[in-house]
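Student: Attaching a single structure in structure tokens format; questions to follow.
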Amino acid sequence: MDAQSYDIILPDSQGLSHHIRLFDTVGLNEPQFGRNQYLTAIENANTLICQLQRTGGIRLLVFCIRGGRITAVMQNNYHLFCDILCQNQVPVAFVITGLENEPSMEGWWETNVGQFEKYGLSCASHACITAIRGLNDCYARKYIDSQTTVRAMLLAHVTENSTSWQPERTGWFIHLASRLLKWLSQIRSRSRHVLTEQELTRHLQDKCRFSRTEAAYLAGKILARWQENQGPDFVKSDDASSIDSS
């Protein structure tokens with residue numbers, strides 16, 4: 001869950017400027033998600049939560065998805081950010097890329113929205129775009145239209161949704177770390193040893209810079225919440241669906 005922030009300013013139709021901070025965040029990949037990756041993920045998650053707390057929380061989740069097929073990785077990352085990080089409290093937008101060869105980029109969504117709904121991937125808004133100009137600017141018109149579409153979508157959420165979601169930091173971190181631990185235990189189901197409370201405490205103290213008392217408290221809460229076995233299951237097999245893309 002490593003993240004890089006970017007600040008942009010978008011003017012609206014009335015000439016007012018809106019400052020938006022985007023966090024470009026890396027998701028999870030099943031074959032690489034083991035014990036060490038879990039510990040790194042919660043370390044990065046703690047950093048991200050601190051950044052989001054300082055900047056006022058989350059107003060919109062934007063998923064950049066290449067038109068092609070719905071994969072297990074896509075489903076898991078959707079649940080990671082929607083269900084686990086944001087606890088289903090933040091609206092979602094899809095940006096579908098790679099549609100430069102479509103006669104109508106928006107028409108692609110009308111054809112394929114049913115597949116997203118089949119796998120429980122829902123959104124409040126979407127943008128069907130191309131992110132390239134192409135050789136000799138052959139897709140220049142669609143590229144410019146794509147910029148306009150994405151900016152309009154972002155502005156709509158900024159102007160129409162004036163509140164951000166910002167839960168209490170400690171509970172937020174415990175919720176996220178325990179749900180990720182559930183995923184780790186599902187992925188490594190054949191392993192008798194996932195993570196001990198002592199190991200988790202040491203990592204929280206050494207890498208996340210919690211005090212010894214804080215780290216021990218958090219580790220205990222995370223493991224207790226994990227035992228409750230709540231939250232979305234990890235999609236292990238690549239239960240994928242082909243969706244149209246030229």
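Simple scheme: letters A, B, ... for chains in structure tokens order, numbers from 1 for residues in each chain, numbers from 1 for ligands in the order shown.
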Leaving out Gln166 in chain A and any residue of its chain fewer than 3 positions from it, which residues lie within 8 Å of it when counting only C-alpha atoms, given as a ChimeraX atom specification?

Tutor: /A:52-53,56-58

Student: Neighbours of Phe116 in chain A within 12 Å (only C-alpha atoms; same-chain residues fewer than 2 positions away dropped), as a PDB file with all heavy atoms, in the first residue's frame?

Tutor:
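Output file part_37.pdb is given in full below:
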ATOM      1  N   ILE A  65      -8.460   1.150 -14.199  1.00  0.00           N
ATOM      2  CA  ILE A  65      -8.610  -0.231 -14.656  1.00  0.00           C
ATOM      3  C   ILE A  65      -8.443  -0.271 -16.167  1.00  0.00           C
ATOM      4  O   ILE A  65      -9.095   0.483 -16.883  1.00  0.00           O
ATOM      5  CB  ILE A  65     -10.003  -0.784 -14.297  1.00  0.00           C
ATOM      6  CG1 ILE A  65     -10.265  -0.667 -12.792  1.00  0.00           C
ATOM      7  CG2 ILE A  65     -10.165  -2.221 -14.765  1.00  0.00           C
ATOM      8  CD1 ILE A  65     -11.700  -0.928 -12.409  1.00  0.00           C
ATOM      9  N   GLY A  67      -9.244  -1.773 -19.661  1.00  0.00           N
ATOM     10  CA  GLY A  67     -10.292  -2.590 -20.260  1.00  0.00           C
ATOM     11  C   GLY A  67      -9.715  -3.911 -20.737  1.00  0.00           C
ATOM     12  O   GLY A  67      -8.738  -3.925 -21.478  1.00  0.00           O
ATOM     13  N   GLY A  68     -10.292  -5.025 -20.328  1.00  0.00           N
ATOM     14  CA  GLY A  68      -9.776  -6.325 -20.732  1.00  0.00           C
ATOM     15  C   GLY A  68     -10.523  -7.444 -20.058  1.00  0.00           C
ATOM     16  O   GLY A  68     -11.372  -8.079 -20.649  1.00  0.00           O
ATOM     17  N   ARG A  69     -10.273  -7.646 -18.767  1.00  0.00           N
ATOM     18  CA  ARG A  69     -10.989  -8.681 -18.036  1.00  0.00           C
ATOM     19  C   ARG A  69     -10.954  -8.375 -16.548  1.00  0.00           C
ATOM     20  O   ARG A  69     -10.085  -7.653 -16.059  1.00  0.00           O
ATOM     21  CB  ARG A  69     -10.405 -10.069 -18.300  1.00  0.00           C
ATOM     22  CG  ARG A  69      -8.985 -10.264 -17.811  1.00  0.00           C
ATOM     23  CD  ARG A  69      -8.543 -11.706 -17.997  1.00  0.00           C
ATOM     24  NE  ARG A  69      -7.245 -11.948 -17.403  1.00  0.00           N
ATOM     25  CZ  ARG A  69      -6.772 -13.155 -17.109  1.00  0.00           C
ATOM     26  NH1 ARG A  69      -7.505 -14.225 -17.366  1.00  0.00           N
ATOM     27  NH2 ARG A  69      -5.585 -13.311 -16.572  1.00  0.00           N
ATOM     28  N   ILE A  70     -11.896  -8.931 -15.836  1.00  0.00           N
ATOM     29  CA  ILE A  70     -11.966  -8.771 -14.388  1.00  0.00           C
ATOM     30  C   ILE A  70     -11.190  -9.912 -13.747  1.00  0.00           C
ATOM     31  O   ILE A  70     -11.569 -11.076 -13.885  1.00  0.00           O
ATOM     32  CB  ILE A  70     -13.425  -8.757 -13.906  1.00  0.00           C
ATOM     33  CG1 ILE A  70     -14.148  -7.535 -14.488  1.00  0.00           C
ATOM     34  CG2 ILE A  70     -13.491  -8.727 -12.386  1.00  0.00           C
ATOM     35  CD1 ILE A  70     -15.630  -7.502 -14.209  1.00  0.00           C
ATOM     36  N   THR A  71     -10.113  -9.583 -13.072  1.00  0.00           N
ATOM     37  CA  THR A  71      -9.232 -10.590 -12.486  1.00  0.00           C
ATOM     38  C   THR A  71      -9.420 -10.666 -10.978  1.00  0.00           C
ATOM     39  O   THR A  71     -10.041  -9.806 -10.354  1.00  0.00           O
ATOM     40  CB  THR A  71      -7.763 -10.258 -12.792  1.00  0.00           C
ATOM     41  OG1 THR A  71      -7.436  -9.023 -12.134  1.00  0.00           O
ATOM     42  CG2 THR A  71      -7.527 -10.116 -14.291  1.00  0.00           C
ATOM     43  N   MET A  74      -7.866  -7.631  -9.386  1.00  0.00           N
ATOM     44  CA  MET A  74      -8.749  -6.473  -9.449  1.00  0.00           C
ATOM     45  C   MET A  74      -9.812  -6.538  -8.354  1.00  0.00           C
ATOM     46  O   MET A  74     -10.082  -5.559  -7.657  1.00  0.00           O
ATOM     47  CB  MET A  74      -9.432  -6.388 -10.819  1.00  0.00           C
ATOM     48  CG  MET A  74     -10.284  -5.151 -11.012  1.00  0.00           C
ATOM     49  SD  MET A  74     -11.283  -5.216 -12.537  1.00  0.00           S
ATOM     50  CE  MET A  74     -10.010  -5.392 -13.778  1.00  0.00           C
ATOM     51  N   GLN A  75     -10.418  -7.713  -8.181  1.00  0.00           N
ATOM     52  CA  GLN A  75     -11.447  -7.873  -7.155  1.00  0.00           C
ATOM     53  C   GLN A  75     -10.868  -7.658  -5.757  1.00  0.00           C
ATOM     54  O   GLN A  75     -11.476  -6.983  -4.908  1.00  0.00           O
ATOM     55  CB  GLN A  75     -12.061  -9.265  -7.251  1.00  0.00           C
ATOM     56  CG  GLN A  75     -12.836  -9.527  -8.533  1.00  0.00           C
ATOM     57  CD  GLN A  75     -13.297 -10.971  -8.615  1.00  0.00           C
ATOM     58  OE1 GLN A  75     -14.138 -11.414  -7.853  1.00  0.00           O
ATOM     59  NE2 GLN A  75     -12.724 -11.720  -9.556  1.00  0.00           N
ATOM     60  N   TYR A  78     -10.118  -3.997  -5.122  1.00  0.00           N
ATOM     61  CA  TYR A  78     -11.370  -3.279  -4.897  1.00  0.00           C
ATOM     62  C   TYR A  78     -11.814  -3.448  -3.448  1.00  0.00           C
ATOM     63  O   TYR A  78     -12.148  -2.476  -2.764  1.00  0.00           O
ATOM     64  CB  TYR A  78     -12.442  -3.803  -5.853  1.00  0.00           C
ATOM     65  CG  TYR A  78     -13.798  -3.154  -5.678  1.00  0.00           C
ATOM     66  CD1 TYR A  78     -14.135  -2.008  -6.405  1.00  0.00           C
ATOM     67  CD2 TYR A  78     -14.743  -3.684  -4.807  1.00  0.00           C
ATOM     68  CE1 TYR A  78     -15.377  -1.412  -6.246  1.00  0.00           C
ATOM     69  CE2 TYR A  78     -15.979  -3.085  -4.640  1.00  0.00           C
ATOM     70  CZ  TYR A  78     -16.303  -1.956  -5.366  1.00  0.00           C
ATOM     71  OH  TYR A  78     -17.528  -1.373  -5.203  1.00  0.00           O
ATOM     72  N   PHE A  94     -14.592   4.617 -11.267  1.00  0.00           N
ATOM     73  CA  PHE A  94     -13.740   3.807 -12.134  1.00  0.00           C
ATOM     74  C   PHE A  94     -13.246   4.667 -13.291  1.00  0.00           C
ATOM     75  O   PHE A  94     -14.031   5.388 -13.921  1.00  0.00           O
ATOM     76  CB  PHE A  94     -14.508   2.622 -12.715  1.00  0.00           C
ATOM     77  CG  PHE A  94     -14.885   1.558 -11.717  1.00  0.00           C
ATOM     78  CD1 PHE A  94     -15.962   0.727 -11.967  1.00  0.00           C
ATOM     79  CD2 PHE A  94     -14.175   1.382 -10.554  1.00  0.00           C
ATOM     80  CE1 PHE A  94     -16.325  -0.257 -11.064  1.00  0.00           C
ATOM     81  CE2 PHE A  94     -14.519   0.402  -9.639  1.00  0.00           C
ATOM     82  CZ  PHE A  94     -15.601  -0.420  -9.897  1.00  0.00           C
ATOM     83  N   ILE A  96     -11.600   3.727 -16.722  1.00  0.00           N
ATOM     84  CA  ILE A  96     -11.274   2.602 -17.604  1.00  0.00           C
ATOM     85  C   ILE A  96     -10.373   3.103 -18.719  1.00  0.00           C
ATOM     86  O   ILE A  96     -10.754   3.982 -19.501  1.00  0.00           O
ATOM     87  CB  ILE A  96     -12.547   1.978 -18.213  1.00  0.00           C
ATOM     88  CG1 ILE A  96     -13.639   1.802 -17.158  1.00  0.00           C
ATOM     89  CG2 ILE A  96     -12.208   0.658 -18.889  1.00  0.00           C
ATOM     90  CD1 ILE A  96     -13.311   0.850 -16.066  1.00  0.00           C
ATOM     91  N   TRP A 109     -18.544   1.103 -21.684  1.00  0.00           N
ATOM     92  CA  TRP A 109     -19.121   0.904 -20.364  1.00  0.00           C
ATOM     93  C   TRP A 109     -20.529   0.337 -20.461  1.00  0.00           C
ATOM     94  O   TRP A 109     -20.896  -0.560 -19.695  1.00  0.00           O
ATOM     95  CB  TRP A 109     -19.137   2.226 -19.595  1.00  0.00           C
ATOM     96  CG  TRP A 109     -19.772   2.117 -18.240  1.00  0.00           C
ATOM     97  CD1 TRP A 109     -21.016   2.561 -17.878  1.00  0.00           C
ATOM     98  CD2 TRP A 109     -19.216   1.503 -17.073  1.00  0.00           C
ATOM     99  NE1 TRP A 109     -21.264   2.280 -16.554  1.00  0.00           N
ATOM    100  CE2 TRP A 109     -20.172   1.625 -16.032  1.00  0.00           C
ATOM    101  CE3 TRP A 109     -17.994   0.878 -16.803  1.00  0.00           C
ATOM    102  CZ2 TRP A 109     -19.949   1.137 -14.751  1.00  0.00           C
ATOM    103  CZ3 TRP A 109     -17.778   0.394 -15.517  1.00  0.00           C
ATOM    104  CH2 TRP A 109     -18.741   0.521 -14.514  1.00  0.00           C
ATOM    105  N   GLU A 110     -21.310   0.830 -21.365  1.00  0.00           N
ATOM    106  CA  GLU A 110     -22.679   0.344 -21.528  1.00  0.00           C
ATOM    107  C   GLU A 110     -22.697  -1.140 -21.866  1.00  0.00           C
ATOM    108  O   GLU A 110     -23.598  -1.874 -21.450  1.00  0.00           O
ATOM    109  CB  GLU A 110     -23.380   1.155 -22.608  1.00  0.00           C
ATOM    110  CG  GLU A 110     -23.530   2.634 -22.262  1.00  0.00           C
ATOM    111  CD  GLU A 110     -24.055   3.450 -23.421  1.00  0.00           C
ATOM    112  OE1 GLU A 110     -24.356   2.844 -24.490  1.00  0.00           O
ATOM    113  OE2 GLU A 110     -24.170   4.686 -23.285  1.00  0.00           O
ATOM    114  N   THR A 111     -21.680  -1.589 -22.600  1.00  0.00           N
ATOM    115  CA  THR A 111     -21.593  -2.996 -22.978  1.00  0.00           C
ATOM    116  C   THR A 111     -21.131  -3.877 -21.824  1.00  0.00           C
ATOM    117  O   THR A 111     -21.588  -5.022 -21.679  1.00  0.00           O
ATOM    118  CB  THR A 111     -20.623  -3.171 -24.169  1.00  0.00           C
ATOM    119  OG1 THR A 111     -21.093  -2.394 -25.270  1.00  0.00           O
ATOM    120  CG2 THR A 111     -20.499  -4.629 -24.580  1.00  0.00           C
ATOM    121  N   ASN A 112     -20.260  -3.350 -20.979  1.00  0.00           N
ATOM    122  CA  ASN A 112     -19.575  -4.192 -19.995  1.00  0.00           C
ATOM    123  C   ASN A 112     -19.951  -3.959 -18.538  1.00  0.00           C
ATOM    124  O   ASN A 112     -19.476  -4.685 -17.654  1.00  0.00           O
ATOM    125  CB  ASN A 112     -18.057  -3.992 -20.131  1.00  0.00           C
ATOM    126  CG  ASN A 112     -17.538  -4.508 -21.457  1.00  0.00           C
ATOM    127  OD1 ASN A 112     -17.441  -5.706 -21.668  1.00  0.00           O
ATOM    128  ND2 ASN A 112     -17.215  -3.596 -22.368  1.00  0.00           N
ATOM    129  N   VAL A 113     -20.809  -2.998 -18.263  1.00  0.00           N
ATOM    130  CA  VAL A 113     -21.149  -2.698 -16.879  1.00  0.00           C
ATOM    131  C   VAL A 113     -21.737  -3.915 -16.158  1.00  0.00           C
ATOM    132  O   VAL A 113     -21.514  -4.111 -14.953  1.00  0.00           O
ATOM    133  CB  VAL A 113     -22.124  -1.500 -16.796  1.00  0.00           C
ATOM    134  CG1 VAL A 113     -23.430  -1.797 -17.512  1.00  0.00           C
ATOM    135  CG2 VAL A 113     -22.398  -1.124 -15.337  1.00  0.00           C
ATOM    136  N   GLY A 114     -22.436  -4.776 -16.874  1.00  0.00           N
ATOM    137  CA  GLY A 114     -23.028  -5.965 -16.265  1.00  0.00           C
ATOM    138  C   GLY A 114     -21.995  -6.902 -15.679  1.00  0.00           C
ATOM    139  O   GLY A 114     -22.250  -7.559 -14.658  1.00  0.00           O
ATOM    140  N   LYS A 118     -21.734  -8.169 -11.848  1.00  0.00           N
ATOM    141  CA  LYS A 118     -21.723  -9.604 -11.558  1.00  0.00           C
ATOM    142  C   LYS A 118     -20.725  -9.933 -10.464  1.00  0.00           C
ATOM    143  O   LYS A 118     -20.974 -10.808  -9.615  1.00  0.00           O
ATOM    144  CB  LYS A 118     -21.390 -10.373 -12.840  1.00  0.00           C
ATOM    145  CG  LYS A 118     -21.210 -11.874 -12.641  1.00  0.00           C
ATOM    146  CD  LYS A 118     -20.806 -12.538 -13.949  1.00  0.00           C
ATOM    147  CE  LYS A 118     -20.519 -14.027 -13.752  1.00  0.00           C
ATOM    148  NZ  LYS A 118     -20.085 -14.672 -15.030  1.00  0.00           N
ATOM    149  N   TYR A 119     -19.590  -9.251 -10.453  1.00  0.00           N
ATOM    150  CA  TYR A 119     -18.543  -9.520  -9.473  1.00  0.00           C
ATOM    151  C   TYR A 119     -18.591  -8.558  -8.287  1.00  0.00           C
ATOM    152  O   TYR A 119     -17.660  -8.493  -7.487  1.00  0.00           O
ATOM    153  CB  TYR A 119     -17.170  -9.464 -10.144  1.00  0.00           C
ATOM    154  CG  TYR A 119     -16.915 -10.673 -11.024  1.00  0.00           C
ATOM    155  CD1 TYR A 119     -17.239 -10.653 -12.377  1.00  0.00           C
ATOM    156  CD2 TYR A 119     -16.386 -11.838 -10.488  1.00  0.00           C
ATOM    157  CE1 TYR A 119     -17.031 -11.763 -13.178  1.00  0.00           C
ATOM    158  CE2 TYR A 119     -16.162 -12.943 -11.276  1.00  0.00           C
ATOM    159  CZ  TYR A 119     -16.490 -12.907 -12.616  1.00  0.00           C
ATOM    160  OH  TYR A 119     -16.286 -14.019 -13.405  1.00  0.00           O
ATOM    161  N   GLY A 120     -19.671  -7.804  -8.163  1.00  0.00           N
ATOM    162  CA  GLY A 120     -19.841  -6.921  -7.017  1.00  0.00           C
ATOM    163  C   GLY A 120     -18.963  -5.695  -7.035  1.00  0.00           C
ATOM    164  O   GLY A 120     -18.671  -5.110  -5.990  1.00  0.00           O
ATOM    165  N   LEU A 121     -18.539  -5.276  -8.238  1.00  0.00           N
ATOM    166  CA  LEU A 121     -17.703  -4.087  -8.369  1.00  0.00           C
ATOM    167  C   LEU A 121     -18.587  -2.930  -8.813  1.00  0.00           C
ATOM    168  O   LEU A 121     -18.885  -2.785  -9.998  1.00  0.00           O
ATOM    169  CB  LEU A 121     -16.578  -4.328  -9.386  1.00  0.00           C
ATOM    170  CG  LEU A 121     -15.742  -5.592  -9.183  1.00  0.00           C
ATOM    171  CD1 LEU A 121     -14.678  -5.712 -10.262  1.00  0.00           C
ATOM    172  CD2 LEU A 121     -15.094  -5.604  -7.798  1.00  0.00           C
ATOM    173  N   SER A 122     -19.005  -2.121  -7.868  1.00  0.00           N
ATOM    174  CA  SER A 122     -19.921  -1.029  -8.179  1.00  0.00           C
ATOM    175  C   SER A 122     -19.224   0.313  -8.022  1.00  0.00           C
ATOM    176  O   SER A 122     -18.216   0.437  -7.317  1.00  0.00           O
ATOM    177  CB  SER A 122     -21.145  -1.088  -7.268  1.00  0.00           C
ATOM    178  OG  SER A 122     -20.756  -0.977  -5.911  1.00  0.00           O
ATOM    179  N   CYS A 123     -19.767   1.327  -8.678  1.00  0.00           N
ATOM    180  CA  CYS A 123     -19.166   2.654  -8.609  1.00  0.00           C
ATOM    181  C   CYS A 123     -20.243   3.726  -8.667  1.00  0.00           C
ATOM    182  O   CYS A 123     -21.349   3.498  -9.162  1.00  0.00           O
ATOM    183  CB  CYS A 123     -18.151   2.860  -9.730  1.00  0.00           C
ATOM    184  SG  CYS A 123     -18.863   2.851 -11.397  1.00  0.00           S
ATOM    185  N   HIS A 126     -18.010   6.936 -13.407  1.00  0.00           N
ATOM    186  CA  HIS A 126     -16.968   6.283 -14.212  1.00  0.00           C
ATOM    187  C   HIS A 126     -16.524   7.209 -15.334  1.00  0.00           C
ATOM    188  O   HIS A 126     -17.236   8.154 -15.694  1.00  0.00           O
ATOM    189  CB  HIS A 126     -17.488   4.968 -14.809  1.00  0.00           C
ATOM    190  CG  HIS A 126     -18.547   5.175 -15.849  1.00  0.00           C
ATOM    191  ND1 HIS A 126     -19.885   5.323 -15.522  1.00  0.00           N
ATOM    192  CD2 HIS A 126     -18.465   5.296 -17.198  1.00  0.00           C
ATOM    193  CE1 HIS A 126     -20.583   5.497 -16.632  1.00  0.00           C
ATOM    194  NE2 HIS A 126     -19.744   5.496 -17.661  1.00  0.00           N
ATOM    195  N   ALA A 240     -11.696 -15.021 -13.350  1.00  0.00           N
ATOM    196  CA  ALA A 240     -11.696 -13.868 -14.245  1.00  0.00           C
ATOM    197  C   ALA A 240     -12.805 -13.965 -15.264  1.00  0.00           C
ATOM    198  O   ALA A 240     -13.283 -15.034 -15.600  1.00  0.00           O
ATOM    199  CB  ALA A 240     -10.351 -13.764 -14.948  1.00  0.00           C
ATOM    200  N   SER A 241     -13.190 -12.807 -15.753  1.00  0.00           N
ATOM    201  CA  SER A 241     -14.226 -12.737 -16.770  1.00  0.00           C
ATOM    202  C   SER A 241     -13.732 -11.878 -17.916  1.00  0.00           C
ATOM    203  O   SER A 241     -13.245 -10.762 -17.698  1.00  0.00           O
ATOM    204  CB  SER A 241     -15.495 -12.123 -16.188  1.00  0.00           C
ATOM    205  OG  SER A 241     -16.440 -11.876 -17.212  1.00  0.00           O
ATOM    206  N   SER A 242     -13.818 -12.386 -19.104  1.00  0.00           N
ATOM    207  CA  SER A 242     -13.432 -11.596 -20.256  1.00  0.00           C
ATOM    208  C   SER A 242     -14.455 -10.501 -20.484  1.00  0.00           C
ATOM    209  O   SER A 242     -15.662 -10.740 -20.424  1.00  0.00           O
ATOM    210  CB  SER A 242     -13.330 -12.490 -21.505  1.00  0.00           C
ATOM    211  OG  SER A 242     -12.309 -13.439 -21.362  1.00  0.00           O
ATOM    212  N   ILE A 243     -13.975  -9.285 -20.724  1.00  0.00           N
ATOM    213  CA  ILE A 243     -14.848  -8.187 -21.081  1.00  0.00           C
ATOM    214  C   ILE A 243     -14.311  -7.542 -22.342  1.00  0.00           C
ATOM    215  O   ILE A 243     -13.112  -7.515 -22.592  1.00  0.00           O
ATOM    216  CB  ILE A 243     -14.975  -7.174 -19.939  1.00  0.00           C
ATOM    217  CG1 ILE A 243     -13.598  -6.744 -19.413  1.00  0.00           C
ATOM    218  CG2 ILE A 243     -15.789  -7.724 -18.811  1.00  0.00           C
ATOM    219  CD1 ILE A 243     -13.683  -5.744 -18.276  1.00  0.00           C
TER     220      ILE A 243
END

Student: Pull the helix (DSSP H, G or I) assignments for range 132-222 of chain A out of DSSP run on the backbone, and list those residues as a PyMOL selection string.

Tutor: chain A and resi 135-137+140-160+169-187+197-206+212-222

Student: Which residues of range 58-177 of chain A have any atom within 12 Å of an atom in range 217-235 of chain A when counting only C-alpha atoms, and what is the closest pair of atoms for each, with the distance in Å to one decimal? Order the rows by chain and rising number and write it as a tab-separated table.

Tutor:
residue	atom	partner	partner_atom	distance
A:Ile70	CA	A:Val235	CA	11.9
A:Thr71	CA	A:Val235	CA	9.3
A:Ala72	CA	A:Val235	CA	5.7
A:Val73	CA	A:Val235	CA	7.8
A:Met74	CA	A:Val235	CA	9.6
A:Gln75	CA	A:Val235	CA	7.2
A:Asn76	CA	A:Val235	CA	6.3
A:Asn77	CA	A:Phe234	CA	9.7
A:Tyr78	CA	A:Pro232	CA	10.6
A:His79	CA	A:Pro232	CA	6.9
A:Leu80	CA	A:Pro232	CA	8.7
A:Phe81	CA	A:Pro232	CA	11.4
A:Cys82	CA	A:Pro232	CA	10.4
A:Asp83	CA	A:Pro232	CA	7.4
A:Ile84	CA	A:Gly231	CA	7.5
A:Leu85	CA	A:Gly231	CA	11.2
A:Gln87	CA	A:Gly231	CA	9.4
A:Asn88	CA	A:Gly231	CA	11.2
A:Tyr119	CA	A:Val235	CA	11.0
A:Gly120	CA	A:Pro232	CA	11.6
A:Arg169	CA	A:Leu218	CA	11.7
A:Thr170	CA	A:Leu218	CA	8.2
A:Gly171	CA	A:Leu218	CA	9.4
A:Trp172	CA	A:Ile222	CA	10.9
A:Phe173	CA	A:Leu218	CA	8.6
A:Ile174	CA	A:Ile222	CA	5.4
A:His175	CA	A:Ile222	CA	7.4
A:Leu176	CA	A:Ile222	CA	8.7
A:Ala177	CA	A:Ile222	CA	6.4

Student: Please extract the residues of range 25-150 of chain A with a backbone DSSP assignment of strand (DSSP E or B) and present them as a ChimeraX atom specification.

Tutor: /A:25,58,61-66,69-70,92-97,125-128

Student: In Å, rounded to a single decimal, give me how far CA of Phe33 in chain A is from CA of Gln115 in chain A.

Tutor: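 A separation of 26.5 Å between them.
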
Student: Using only C-alpha atoms for the distances, tell me which of A:Leu60, A:Ala124, A:Ala215, A:Leu195 is nearest to Leu181 in chain A.

Tutor: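 Among the listed residues, the smallest separation from Leu181 in chain A belongs to A:Leu195.
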
Student: I'd like the interatomic distance between CA of Leu180 in chain A and CA of Glu117 in chain A, to a tenth of an Å.

Tutor: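 Taking CA of Leu180 in chain A as the start and CA of Glu117 in chain A as the end point, the length is 24.2 Å.
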
Student: Could you pull the residues within 10 Å of Ser17 in chain A, counting only C-alpha atoms, minus those fewer than 6 positions along the same chain, as JSON, numbers by chain?

Tutor: {"A": [8, 9, 10, 11, 155]}

Student: Using the selection just defined, write its residues with all heavy atoms as a tab-separated table (two decimals), in the first residue's frame.

Tutor:
chain	number	residue	atom	x	y	z
A	8	ILE	N	-3.08	18.92	-7.39
A	8	ILE	CA	-3.54	19.55	-8.62
A	8	ILE	C	-4.57	20.62	-8.28
A	8	ILE	O	-5.20	20.58	-7.23
A	8	ILE	CB	-4.14	18.53	-9.61
A	8	ILE	CG1	-5.38	17.86	-9.00
A	8	ILE	CG2	-3.11	17.49	-10.03
A	8	ILE	CD1	-6.13	16.96	-9.97
A	9	ILE	N	-4.73	21.58	-9.17
A	9	ILE	CA	-5.74	22.62	-9.02
A	9	ILE	C	-6.60	22.62	-10.27
A	9	ILE	O	-6.09	22.75	-11.39
A	9	ILE	CB	-5.10	24.01	-8.81
A	9	ILE	CG1	-4.31	24.02	-7.50
A	9	ILE	CG2	-6.18	25.10	-8.80
A	9	ILE	CD1	-3.58	25.32	-7.24
A	10	LEU	N	-7.91	22.46	-10.09
A	10	LEU	CA	-8.85	22.40	-11.21
A	10	LEU	C	-9.84	23.55	-11.09
A	10	LEU	O	-10.48	23.72	-10.06
A	10	LEU	CB	-9.60	21.07	-11.22
A	10	LEU	CG	-8.77	19.80	-11.44
A	10	LEU	CD1	-9.68	18.58	-11.40
A	10	LEU	CD2	-8.02	19.86	-12.75
A	11	PRO	N	-10.00	24.34	-12.16
A	11	PRO	CA	-11.01	25.41	-12.15
A	11	PRO	C	-12.38	24.86	-12.55
A	11	PRO	O	-12.48	23.97	-13.39
A	11	PRO	CB	-10.48	26.38	-13.20
A	11	PRO	CG	-9.74	25.50	-14.17
A	11	PRO	CD	-9.15	24.37	-13.37
A	155	LEU	N	-14.13	17.11	-10.38
A	155	LEU	CA	-14.77	18.34	-9.94
A	155	LEU	C	-16.18	18.10	-9.41
A	155	LEU	O	-16.60	18.73	-8.43
A	155	LEU	CB	-14.81	19.37	-11.08
A	155	LEU	CG	-13.55	20.20	-11.30
A	155	LEU	CD1	-13.68	21.03	-12.56
A	155	LEU	CD2	-13.29	21.09	-10.09

Student: Might you pull out every residue within 12 Å of Tyr38 in chain A, with only C-alpha atoms counted and same-chain residues fewer than 5 positions away left off, and present them as a ChimeraX atom specification?

Tutor: /A:1,27-30,32-33,43-45,176-185,187-188,194-195,200,203

Student: Determine, counting only C-alpha atoms, which protein, DNA and RNA residues have an atom within 9 Å of an atom of range 127-133 of chain A; residues of the same chain fewer than 6 positions away are not included. Present the result as a VMD selection string.

Tutor: chain A and resid 93 to 101 105 to 109 139 to 147 149 to 150 153

Student: May I ask for the distance between CA of Asn136 in chain A and CA of Arg151 in chain A, given in Å to one decimal place?

Tutor: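 Distance between the two atoms: 24.6 Å.
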